[in-house]
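*Asks:* Take a look at this one; I'll ask things after.
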Amino acid sequence: MSELRGEHLFTLDLKVGEPQNAGVGPDGHELRIVPVTGGTANGPRLRAEVLGGASADWLRVETDGTAHIDVRLTLRAESGGIVHVRYSGIRTGAKEVLARLAAGEAVDPSEYYFRVALRFETGAPDLAWLNRVVAVGIGQRPPTGPRYEVYKLL
């Protein structure tokens with residue numbers, strides 16, 4: 001059996017705007033569209049800015065506060081190349097912990113589970129290696145906005 005291994009690519013820090021609540025859908029989940037207004041990706045393999053206006057999270061929230069993440073981001077690398085990033089995942093924990101997160105409190109990341117799977121797409125020659133990467137992110141939700149440590153799966 002193979003052991004899961006990874007290589008740290010970057011830390012992704014996002015700035016988000018006011019959520020737009022689309023109400024409860026037919027599946028019983030609340031849909032919130034959260035604009036991503038900016039941010040950065042900084043690490044040994046990629047340094048980029050998150051372009052606001054072309055990025056958002058289509059967040060589905062269960063009644064207990066569990067969030068199903070569905071994000072599309074546009075990055076502009078230091079080299080000028082544009083990268084489309086899409087990721088999905090889950091943020092869950094005890095109901096009272098999720099309520100504290102929803103209230104904007106600082107909550108220790110060890111108190112909840114927040115993981116995502118990322119894929120990349122770009123036409124920039126210097127970033128083409130990203131087209132062949134599956135990455136995972138370990139998330140946290142400080143009051144300043146989502147933060148992920150992103151790892152390429154080896």
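Letters A, B, ... go to the chains of the structure tokens in the order shown; residues in each chain start at 1; ligands are counted from 1 in the same order.
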What lies within 8 Å of region 17-20 of chain A using only C-alpha atoms, ignoring chain neighbours under 6 positions off, as a list in words?

*Replies:* Arg32, Ile33, Val34, Pro35, Val36 and Thr37 of chain A

*Asks:* Let's have the selection written as a short mmCIF file (atom, residue, chain, number, x, y, z; two decimals), in the first residue's frame, with C-alpha atoms.

*Replies:*
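As a result, selection.cif now contains:
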```cif
data_model
loop_
_atom_site.label_atom_id
_atom_site.label_comp_id
_atom_site.auth_asym_id
_atom_site.auth_seq_id
_atom_site.Cartn_x
_atom_site.Cartn_y
_atom_site.Cartn_z
CA ARG A 32 -24.74 31.51 -0.17
CA ILE A 33 -22.73 33.09 -2.95
CA VAL A 34 -19.64 34.62 -1.40
CA PRO A 35 -17.61 36.95 -3.63
CA VAL A 36 -13.86 36.57 -3.32
CA THR A 37 -12.54 40.12 -3.55
#
```

*Asks:* Contacts of His68 (chain A) at 10 Å or less, counting only C-alpha atoms, minus same-chain residues fewer than 4 places along, as a count of residues only?

*Replies:* 15

*Asks:* Using only C-alpha atoms, can you tell me which of A:Ala117, A:Tyr112, A:Glu105, A:Leu127 comes closest to Ser79 (chain A)?

*Replies:*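 Selected residue with least distance to Ser79 (chain A): A:Leu127.
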
*Asks:* Take CA of Gly6 (chain A) and CA of Pro44 (chain A) and report the distance between them in Å, one decimal.

*Replies:*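 Calculated distance between CA of Gly6 (chain A) and CA of Pro44 (chain A) is 13.4 Å.
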
*Asks:* Mind checking which residues fall within 10 Å of Gly43 (chain A), counting only C-alpha atoms, ignoring those fewer than 2 positions away in the same chain, and posting them as number ranges by chain?

*Replies:* A: 8-12, 40-41, 45-48, 149-150

*Asks:* Check the smallest atom-to-atom distance from each of A:Val107, A:Leu14, A:Val83, A:Ala94 to Trp129 (chain A) using only C-alpha atoms, then report the winner.

*Replies:*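 Among A:Val107, A:Leu14, A:Val83, A:Ala94, it is A:Val83 that comes nearest to Trp129 (chain A).
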
*Asks:* Got a sec: who's within 10 Å of Gly81 (chain A), counting only C-alpha atoms, leaving out chain neighbours fewer than 2 positions off, as an NGL selection string?

*Replies:* :A and (48 or 75-79 or 83 or 122-128)
